[in-house]
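Peer 1: Okay, so here is target-v8.csv, and as you'll see once you scroll down, it has CSV, C-alpha atoms.
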chain,number,residue,atom,x,y,z
J,1,MET,CA,24.1,-18.9,35.7
J,2,ALA,CA,25.0,-17.4,32.4
J,3,ARG,CA,27.8,-18.9,30.3
J,4,ALA,CA,30.7,-16.8,29.4
J,5,GLY,CA,30.8,-16.5,25.6
J,6,GLY,CA,33.8,-14.5,24.6
J,7,ARG,CA,32.7,-14.7,21.0
J,8,ARG,CA,30.7,-12.5,18.7
J,9,PRO,CA,27.1,-12.4,19.9
J,10,ILE,CA,23.9,-13.1,18.1
J,11,VAL,CA,22.0,-9.8,17.9
J,12,VAL,CA,18.2,-9.6,17.9
J,13,GLY,CA,16.0,-6.6,17.3
J,14,VAL,CA,13.3,-6.5,20.0
J,15,ASP,CA,9.8,-5.5,19.0
J,16,PRO,CA,7.8,-3.2,21.3
J,17,ASP,CA,4.8,-5.5,21.0
J,18,ALA,CA,5.2,-8.2,23.6
J,19,SER,CA,3.0,-10.5,21.5
J,20,LYS,CA,5.7,-10.7,18.8
J,21,ARG,CA,8.2,-12.9,20.3
J,22,LEU,CA,9.0,-15.5,17.6
J,23,ALA,CA,12.2,-13.7,16.4
J,24,LEU,CA,13.4,-13.3,20.0
J,25,ALA,CA,12.7,-17.0,20.8
J,26,TRP,CA,14.5,-18.1,17.6
J,27,ALA,CA,17.5,-16.0,18.5
J,28,ALA,CA,17.6,-17.3,22.0
J,29,ASP,CA,17.5,-20.9,20.8
J,30,GLU,CA,20.2,-20.2,18.2
J,31,ALA,CA,22.5,-18.6,20.8
J,32,ASP,CA,22.0,-21.6,23.1
J,33,ARG,CA,22.7,-24.1,20.3
J,34,ARG,CA,25.9,-22.2,19.3
J,35,ASP,CA,27.0,-21.4,22.8
J,36,LEU,CA,27.1,-17.7,22.0
J,37,PRO,CA,26.0,-14.6,24.0
J,38,LEU,CA,22.7,-12.9,23.0
J,39,ARG,CA,22.5,-9.1,22.6
J,40,LEU,CA,19.0,-7.6,22.7
J,41,VAL,CA,18.7,-4.4,20.8
J,42,HIS,CA,15.9,-1.9,20.9
J,43,ALA,CA,15.9,1.4,19.0
J,44,HIS,CA,13.3,4.1,19.2
J,45,GLY,CA,12.9,7.1,16.8
J,46,ALA,CA,9.5,8.3,15.9
J,47,PRO,CA,6.7,6.5,17.9
J,48,THR,CA,4.8,3.7,16.3
J,49,GLY,CA,1.7,1.8,17.3
J,50,GLY,CA,3.7,-0.2,19.9
J,51,TYR,CA,4.4,2.9,21.8
J,52,ARG,CA,1.1,4.7,21.9
J,53,SER,CA,0.2,5.4,25.5
J,54,GLY,CA,-1.1,8.2,27.7
J,55,GLU,CA,2.4,9.0,28.8
J,56,VAL,CA,3.4,10.5,25.4
J,57,ARG,CA,2.7,14.2,25.4
J,58,PRO,CA,3.3,16.9,22.7
J,59,SER,CA,6.5,18.3,24.3
J,60,TRP,CA,9.5,16.7,22.6
J,61,GLU,CA,11.4,16.4,25.9
J,62,GLU,CA,8.5,14.7,27.7
J,63,TRP,CA,7.8,12.7,24.6
J,64,ASN,CA,11.4,11.4,24.4
J,65,GLN,CA,11.5,10.6,28.2
J,66,ALA,CA,8.3,8.7,27.9
J,67,LEU,CA,9.6,6.7,24.9
J,68,HIS,CA,12.7,5.9,26.8
J,69,ARG,CA,10.8,4.6,29.9
J,70,VAL,CA,8.6,2.4,27.7
J,71,ALA,CA,11.5,1.1,25.7
J,72,ASP,CA,13.5,0.3,28.8
J,73,GLN,CA,10.5,-1.7,30.0
J,74,VAL,CA,10.3,-3.5,26.6
J,75,LEU,CA,13.9,-4.6,27.0
J,76,LYS,CA,13.4,-5.7,30.7
J,77,GLU,CA,10.5,-7.9,29.6
J,78,ALA,CA,12.5,-9.3,26.7
J,79,VAL,CA,15.4,-10.2,29.1
J,80,GLY,CA,12.9,-12.0,31.3
J,81,PHE,CA,11.5,-13.9,28.3
J,82,VAL,CA,15.0,-15.1,27.3
J,83,GLU,CA,16.0,-16.0,30.8
J,84,SER,CA,12.9,-18.2,31.3
J,85,ARG,CA,13.4,-19.8,27.9
J,86,ARG,CA,17.2,-20.3,27.8
J,87,PRO,CA,18.5,-19.6,31.3
J,88,THR,CA,22.1,-20.5,30.5
J,89,VAL,CA,22.5,-18.0,27.7
J,90,GLU,CA,24.5,-14.8,28.5
J,91,VAL,CA,22.3,-11.8,27.8
J,92,SER,CA,23.2,-8.1,27.2
J,93,THR,CA,21.0,-5.2,26.1
J,94,LEU,CA,21.3,-2.0,24.1
J,95,LEU,CA,18.7,0.8,24.1
J,96,ALA,CA,19.5,3.2,21.3
J,97,GLU,CA,18.0,6.3,19.7
J,98,GLY,CA,17.7,6.1,15.9
J,99,GLU,CA,16.3,4.2,13.0
J,100,PRO,CA,16.3,0.4,13.8
J,101,ALA,CA,17.9,-0.5,10.5
J,102,TRP,CA,20.8,1.8,11.1
J,103,VAL,CA,21.3,0.7,14.7
J,104,LEU,CA,21.2,-3.0,13.8
J,105,ARG,CA,23.6,-2.5,10.9
J,106,GLU,CA,26.1,-0.9,13.3
J,107,GLU,CA,25.6,-3.8,15.7
J,108,ALA,CA,26.1,-6.3,12.9
J,109,GLN,CA,29.7,-5.2,12.5
J,110,ASN,CA,30.6,-7.3,15.6
J,111,ALA,CA,27.9,-9.9,15.5
J,112,SER,CA,27.8,-13.6,14.4
J,113,MET,CA,24.3,-13.2,13.2
J,114,VAL,CA,21.5,-10.6,13.4
J,115,VAL,CA,17.9,-11.7,13.8
J,116,VAL,CA,14.7,-9.7,13.1
J,117,GLY,CA,11.1,-10.4,12.8
J,118,SER,CA,8.7,-9.8,9.9
J,119,TRP,CA,5.1,-9.8,8.9
J,120,HIS,CA,6.0,-11.2,5.5
J,121,LEU,CA,7.6,-7.8,4.9
J,122,SER,CA,4.3,-6.0,4.4
J,123,ALA,CA,3.9,-2.2,4.4
J,124,ARG,CA,3.0,-2.1,8.0
J,125,ARG,CA,5.1,0.4,9.8
J,126,GLN,CA,6.2,-1.7,12.9
J,127,LEU,CA,9.7,-1.4,14.4
J,128,PHE,CA,11.8,-4.4,13.5
J,129,THR,CA,9.0,-6.0,11.6
J,130,SER,CA,8.8,-4.1,8.3
J,131,ALA,CA,10.7,-4.2,5.0
J,132,SER,CA,12.2,-0.8,6.0
J,133,VAL,CA,14.3,-2.7,8.5
J,134,ALA,CA,14.9,-6.2,7.1
J,135,LEU,CA,15.7,-5.4,3.5
J,136,PRO,CA,18.3,-2.7,4.0
J,137,LEU,CA,19.8,-4.7,6.9
J,138,THR,CA,20.1,-7.8,4.8
J,139,ALA,CA,21.6,-5.9,1.9
J,140,HIS,CA,24.4,-4.3,3.9
J,141,SER,CA,25.0,-6.6,6.9
J,142,PRO,CA,28.5,-8.1,7.0
J,143,CYS,CA,27.1,-11.1,8.9
J,144,PRO,CA,24.2,-13.5,8.2
J,145,VAL,CA,20.7,-12.0,8.8
J,146,ALA,CA,17.8,-14.2,9.9
J,147,VAL,CA,14.3,-12.9,9.2
J,148,VAL,CA,11.8,-14.8,11.3
J,149,PRO,CA,8.1,-14.5,10.2
J,150,GLU,CA,5.0,-14.0,12.3
J,151,PRO,CA,2.9,-15.9,12.8
J,152,GLU,CA,4.7,-19.2,13.4
J,153,HIS,CA,4.8,-21.5,10.4
J,154,THR,CA,4.2,-25.3,10.4
J,155,THR,CA,7.2,-27.5,10.0
J,156,GLN,CA,7.2,-31.1,8.8
J,157,GLN,CA,9.0,-34.2,10.0
J,158,PRO,CA,11.7,-35.2,9.3
J,159,ALA,CA,12.9,-31.6,9.9
J,160,TYR,CA,14.8,-30.1,7.0
J,161,PHE,CA,16.5,-26.9,5.7
J,162,VAL,CA,16.6,-25.7,2.2
J,163,VAL,CA,19.6,-23.9,0.6
J,164,GLY,CA,19.8,-22.3,-2.8
J,165,VAL,CA,22.9,-23.0,-4.9
J,166,ASP,CA,24.0,-21.2,-8.1
J,167,GLY,CA,27.8,-21.6,-8.0
J,168,SER,CA,28.5,-18.1,-6.8
J,169,PRO,CA,30.7,-17.3,-3.8
J,170,HIS,CA,27.6,-16.0,-2.0
J,171,ALA,CA,25.9,-19.3,-2.5
J,172,ALA,CA,29.0,-21.2,-1.3
J,173,ALA,CA,28.9,-19.2,1.9
J,174,ALA,CA,25.1,-20.0,2.3
J,175,VAL,CA,25.9,-23.7,1.8
J,176,ASP,CA,28.5,-23.6,4.6
J,177,LEU,CA,26.0,-22.1,7.0
J,178,ALA,CA,23.2,-24.5,5.8
J,179,PHE,CA,25.3,-27.5,6.8
J,180,GLU,CA,26.0,-25.9,10.2
J,181,GLU,CA,22.4,-25.3,10.8
J,182,ALA,CA,21.3,-28.7,9.7
J,183,ALA,CA,24.0,-30.3,11.9
J,184,LEU,CA,23.0,-28.2,14.9
J,185,ARG,CA,19.3,-29.1,14.5
J,186,ARG,CA,19.9,-32.8,13.4
J,187,ALA,CA,17.9,-32.0,10.3
J,188,LEU,CA,18.4,-33.1,6.7
J,189,LEU,CA,19.4,-30.6,4.1
J,190,ARG,CA,17.9,-30.0,0.6
J,191,ALA,CA,20.3,-28.2,-1.7
J,192,LEU,CA,18.6,-26.9,-4.8
J,193,TYR,CA,20.0,-25.5,-8.0
J,194,VAL,CA,17.1,-23.8,-9.7
J,195,TRP,CA,17.7,-23.4,-13.5
J,196,HIS,CA,15.6,-20.7,-15.1
J,197,PRO,CA,16.6,-20.3,-18.7
J,198,ALA,CA,16.0,-16.8,-20.1
J,199,LEU,CA,15.0,-18.1,-23.5
J,200,PRO,CA,13.4,-21.6,-23.2
J,201,GLY,CA,14.3,-23.9,-26.1
J,202,VAL,CA,17.3,-21.9,-27.3
J,203,LEU,CA,19.9,-23.8,-25.3
J,204,ASP,CA,20.5,-27.5,-25.2
J,205,GLU,CA,18.5,-28.2,-22.0
J,206,ASP,CA,20.2,-31.6,-21.4
J,207,ALA,CA,23.6,-30.0,-21.5
J,208,ALA,CA,22.5,-27.1,-19.3
J,209,VAL,CA,21.1,-29.5,-16.7
J,210,ARG,CA,24.3,-31.5,-16.7
J,211,GLU,CA,26.3,-28.3,-16.1
J,212,CYS,CA,23.9,-27.3,-13.2
J,213,ARG,CA,24.4,-30.8,-11.7
J,214,ARG,CA,28.2,-30.4,-12.0
J,215,VAL,CA,28.1,-27.1,-10.3
J,216,LEU,CA,25.8,-28.4,-7.5
J,217,SER,CA,28.0,-31.4,-6.9
J,218,GLU,CA,31.2,-29.3,-6.7
J,219,THR,CA,29.5,-26.8,-4.3
J,220,VAL,CA,28.5,-29.5,-1.8
J,221,ALA,CA,31.7,-31.6,-2.2
J,222,GLY,CA,33.9,-31.5,0.9
J,223,ARG,CA,31.1,-30.1,3.0
J,224,THR,CA,29.5,-33.5,3.3
J,225,ALA,CA,32.8,-34.9,4.5
J,226,ALA,CA,33.0,-32.1,7.2
J,227,HIS,CA,29.4,-32.9,8.3
J,228,PRO,CA,28.8,-36.6,7.8
J,229,GLU,CA,25.9,-36.5,10.2
J,230,VAL,CA,23.9,-34.4,7.8
J,231,GLU,CA,21.7,-36.2,5.3
J,232,LEU,CA,21.9,-34.3,2.1
J,233,ARG,CA,19.5,-34.4,-0.8
J,234,HIS,CA,20.4,-32.3,-3.8
J,235,GLU,CA,18.6,-31.7,-7.1
J,236,VAL,CA,18.4,-29.5,-10.1
J,237,VAL,CA,14.9,-28.0,-10.6
J,238,LEU,CA,13.6,-26.1,-13.6
J,239,GLY,CA,11.5,-23.0,-12.7
J,240,HIS,CA,11.7,-19.5,-11.2
J,241,PRO,CA,14.1,-19.5,-8.3
J,242,VAL,CA,11.9,-17.5,-5.9
J,243,GLN,CA,8.9,-19.7,-6.5
J,244,VAL,CA,10.8,-23.0,-6.4
J,245,LEU,CA,12.7,-22.1,-3.2
J,246,THR,CA,9.8,-20.7,-1.3
J,247,GLU,CA,7.6,-23.7,-2.2
J,248,ALA,CA,10.3,-26.2,-1.3
J,249,ALA,CA,10.8,-24.5,2.0
J,250,GLU,CA,7.1,-24.1,2.8
J,251,HIS,CA,7.4,-26.5,5.8
J,252,ALA,CA,11.1,-26.2,6.4
J,253,LEU,CA,13.0,-25.1,9.5
J,254,GLY,CA,14.5,-22.4,7.3
J,255,LEU,CA,15.6,-21.3,3.9
J,256,ILE,CA,19.2,-20.2,3.4
J,257,VAL,CA,20.3,-18.0,0.5
J,258,GLY,CA,23.3,-15.9,-0.5
J,259,THR,CA,22.7,-12.2,-0.7
J,260,ARG,CA,23.7,-12.0,-4.3
J,261,GLY,CA,24.1,-14.5,-7.1
J,262,HIS,CA,25.6,-14.5,-10.6
J,263,GLY,CA,25.4,-11.2,-12.4
J,264,GLY,CA,25.3,-9.1,-9.2
J,265,PHE,CA,27.0,-5.7,-9.0
J,266,PRO,CA,29.0,-4.4,-6.0
J,267,GLY,CA,26.6,-1.5,-5.5
J,268,MET,CA,23.4,-3.6,-5.8
J,269,LEU,CA,21.4,-3.5,-2.6
J,270,LEU,CA,20.1,-7.1,-2.7
J,271,GLY,CA,19.8,-9.8,-5.3
J,272,SER,CA,16.4,-10.3,-6.8
J,273,VAL,CA,16.2,-13.9,-5.6
J,274,SER,CA,17.2,-13.0,-2.0
J,275,GLN,CA,14.7,-10.1,-2.0
J,276,GLY,CA,12.0,-12.3,-3.5
J,277,VAL,CA,12.2,-15.1,-0.9
J,278,LEU,CA,12.3,-12.5,1.9
J,279,HIS,CA,8.9,-11.3,0.7
J,280,HIS,CA,7.3,-14.7,0.0
J,281,ALA,CA,8.8,-17.4,2.3
J,282,ARG,CA,6.7,-18.5,5.2
J,283,CYS,CA,9.7,-20.0,7.1
J,284,PRO,CA,12.7,-18.2,8.6
J,285,VAL,CA,15.1,-17.0,5.9
J,286,ILE,CA,18.8,-16.6,6.5
J,287,ALA,CA,20.6,-14.4,4.0
J,288,VAL,CA,24.3,-14.9,4.0
J,289,PRO,CA,27.0,-12.6,2.6
J,290,THR,CA,30.3,-13.9,1.4
Take the structure in this file and express it as structure tokens.
Peer 2:
Amino acid sequence: MARAGGRRPIVVGVDPDASKRLALAWAADEADRRDLPLRLVHAHGAPTGGYRSGEVRPSWEEWNQALHRVADQVLKEAVGFVESRRPTVEVSTLLAEGEPAWVLREEAQNASMVVVGSWHLSARRQLFTSASVALPLTAHSPCPVAVVPEPEHTTQQPAYFVVGVDGSPHAAAAVDLAFEEAALRRALLRALYVWHPALPGVLDEDAAVRECRRVLSETVAGRTAAHPEVELRHEVVLGHPVQVLTEAAEHALGLIVGTRGHGGFPGMLLGSVSQGVLHHARCPVIAVPT
């Protein structure tokens, strides 16, 4: 029997390819851990490789009807997958016409989290698996967005999360979610402040590192008291943020970052670090707005 949630659901974009189920599985597990309902969303616009079949004919009306039949079957199979994996999770569905990024952004207005898949955000034009969906969604979503890569990456024991810290409000929000995720998974948490001086040797490096440590300590202060069960390891690392964070999270359960850091502008689509880790990380990435 499905549990009644009564709270904002976790929304997941469902890929037409039944072999791509990692994002759906991740979302179902997350909904189960958080005792939240799960909303399966599938949008169809122009047909892609996942839709090619003998049913699709040149007539636009017949073409649209065929797409709708196939998409409806995609959602039914996705519901069956979730029910077999997490039978107590309350599931709802939405079949929409339109660009997936736009549909998911609308759904994000009333969601706790949105989950999509990726093939490392390559140029492949697959629904819910390309940069054309994940990047604009992450940039504009009012709730956290989890981007789950295919194929599945290898995790290490003990299980851990990585969170990037830079002292900005976006990073503070990311740290909050990172402690929640680590507590839910009984994982340890690595909080990293990556110092990347624009002009090496010009600043007093010792003083700069001390300031980074101060900011890092202040950011995690209080959160450790709220989550005493989470083992925290925090450190200041010299290097490029994208490289350091992606390498540190290579075998992590996930990498959590804010959508913008210091120096961001209100109209900026997505911070360079956030965009960089979305392209390069091999583990799930959760981008968190303030």
Peer 1: So which residues touch Trp102 in chain J within 10 Å, counting all atoms listed in the file, skipping near sequence neighbours fewer than 2 positions away, as a list in words?
Peer 2: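 Skipping anything fewer than 2 positions along the chain leaves Ala43, Gly98, Glu99, Pro100, Leu104, Arg105, Glu106, Glu107, Ala108, Val133, Pro136 and Leu137 of chain J.
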Peer 1: Hey, what's within 12 Å of Asp166 in chain J if we count all atoms listed in the file and toss same-chain stuff fewer than 6 positions away? As an NGL selection string, please?
Peer 2: :J and (172-175 or 191-196 or 211-220 or 235-237 or 241 or 257-263 or 273)
Peer 1: Next, the residues of the selection above should be written as a PDB file, in the frame of the given file with C-alpha atoms.
Peer 2:
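The resulting out-v3.pdb:
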ATOM      1  CA  ALA J 172      29.000 -21.200  -1.300  1.00  0.00           C
ATOM      2  CA  ALA J 173      28.900 -19.200   1.900  1.00  0.00           C
ATOM      3  CA  ALA J 174      25.100 -20.000   2.300  1.00  0.00           C
ATOM      4  CA  VAL J 175      25.900 -23.700   1.800  1.00  0.00           C
ATOM      5  CA  ALA J 191      20.300 -28.200  -1.700  1.00  0.00           C
ATOM      6  CA  LEU J 192      18.600 -26.900  -4.800  1.00  0.00           C
ATOM      7  CA  TYR J 193      20.000 -25.500  -8.000  1.00  0.00           C
ATOM      8  CA  VAL J 194      17.100 -23.800  -9.700  1.00  0.00           C
ATOM      9  CA  TRP J 195      17.700 -23.400 -13.500  1.00  0.00           C
ATOM     10  CA  HIS J 196      15.600 -20.700 -15.100  1.00  0.00           C
ATOM     11  CA  GLU J 211      26.300 -28.300 -16.100  1.00  0.00           C
ATOM     12  CA  CYS J 212      23.900 -27.300 -13.200  1.00  0.00           C
ATOM     13  CA  ARG J 213      24.400 -30.800 -11.700  1.00  0.00           C
ATOM     14  CA  ARG J 214      28.200 -30.400 -12.000  1.00  0.00           C
ATOM     15  CA  VAL J 215      28.100 -27.100 -10.300  1.00  0.00           C
ATOM     16  CA  LEU J 216      25.800 -28.400  -7.500  1.00  0.00           C
ATOM     17  CA  SER J 217      28.000 -31.400  -6.900  1.00  0.00           C
ATOM     18  CA  GLU J 218      31.200 -29.300  -6.700  1.00  0.00           C
ATOM     19  CA  THR J 219      29.500 -26.800  -4.300  1.00  0.00           C
ATOM     20  CA  VAL J 220      28.500 -29.500  -1.800  1.00  0.00           C
ATOM     21  CA  GLU J 235      18.600 -31.700  -7.100  1.00  0.00           C
ATOM     22  CA  VAL J 236      18.400 -29.500 -10.100  1.00  0.00           C
ATOM     23  CA  VAL J 237      14.900 -28.000 -10.600  1.00  0.00           C
ATOM     24  CA  PRO J 241      14.100 -19.500  -8.300  1.00  0.00           C
ATOM     25  CA  VAL J 257      20.300 -18.000   0.500  1.00  0.00           C
ATOM     26  CA  GLY J 258      23.300 -15.900  -0.500  1.00  0.00           C
ATOM     27  CA  THR J 259      22.700 -12.200  -0.700  1.00  0.00           C
ATOM     28  CA  ARG J 260      23.700 -12.000  -4.300  1.00  0.00           C
ATOM     29  CA  GLY J 261      24.100 -14.500  -7.100  1.00  0.00           C
ATOM     30  CA  HIS J 262      25.600 -14.500 -10.600  1.00  0.00           C
ATOM     31  CA  GLY J 263      25.400 -11.200 -12.400  1.00  0.00           C
ATOM     32  CA  VAL J 273      16.200 -13.900  -5.600  1.00  0.00           C
TER      33      VAL J 273
END
Peer 1: So which residues touch Leu24 in chain J within 9 Å, counting all atoms listed in the file, skipping near sequence neighbours fewer than 6 positions away, as a ChimeraX atom specification?
Peer 2: /J:12-15,40,78,81-82,115-117,148
Peer 1: Here is a test: counting only C-alpha atoms, which residue of J:Ala249, J:Ala183, J:Ala208, J:Ala171 is nearest to Ala226 in chain J?
Peer 2: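 Closest to Ala226 in chain J of all the choices is J:Ala183.
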Peer 1: Give the answer as one residue: which of J:Met113, J:Ile286, J:Ala159, J:Ala28 has the shortest atom-to-atom distance to Pro142 in chain J, using all atoms listed in the file?
Peer 2: J:Met113
Peer 1: Return the single residue from J:His280, J:Arg233, J:Arg34, J:Lys20 that is closest to Val74 in chain J, with distances computed using all atoms listed in the file.
Peer 2: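 Of the candidates, the smallest distance to Val74 in chain J is held by J:Lys20.
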Peer 1: Quick one, how far is CA of Glu77 in chain J from CA of Arg185 in chain J?
Peer 2: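 Interatomic distance, CA of Glu77 in chain J to CA of Arg185 in chain J: 27.5 Å.
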Peer 1: In Å, how far is it from CA of Gln157 in chain J to CA of Ala134 in chain J?
Peer 2: 28.8 Å
Peer 1: What's the separation between CA of Ser274 in chain J and CA of Val165 in chain J, in Å to one decimal place?
Peer 2: 11.9 Å
Peer 1: Kindly indicate which residue among J:Ala18, J:Gly222, J:Gln73, J:Leu238 lies nearest to Asp206 in chain J, using all atoms listed in the file for the distances.
Peer 2: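 Checking each candidate against Asp206 in chain J, we get J:Leu238 as the closest.
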Peer 1: Could you check which of J:Val209, J:Ala252, J:Val288, J:Ala182 is closest to Thr154 in chain J, using all atoms listed in the file?
Peer 2: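 Ranked by minimum distance to Thr154 in chain J, first place goes to J:Ala252.
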Peer 1: Which residues, written as a PyMOL selection string, have at least one atom at most 9 Å from Phe161 in chain J, with only C-alpha atoms counted and residues fewer than 2 positions away on the same chain left out?
Peer 2: chain J and resi 159+163+178-179+181-182+187-191+249+252-256
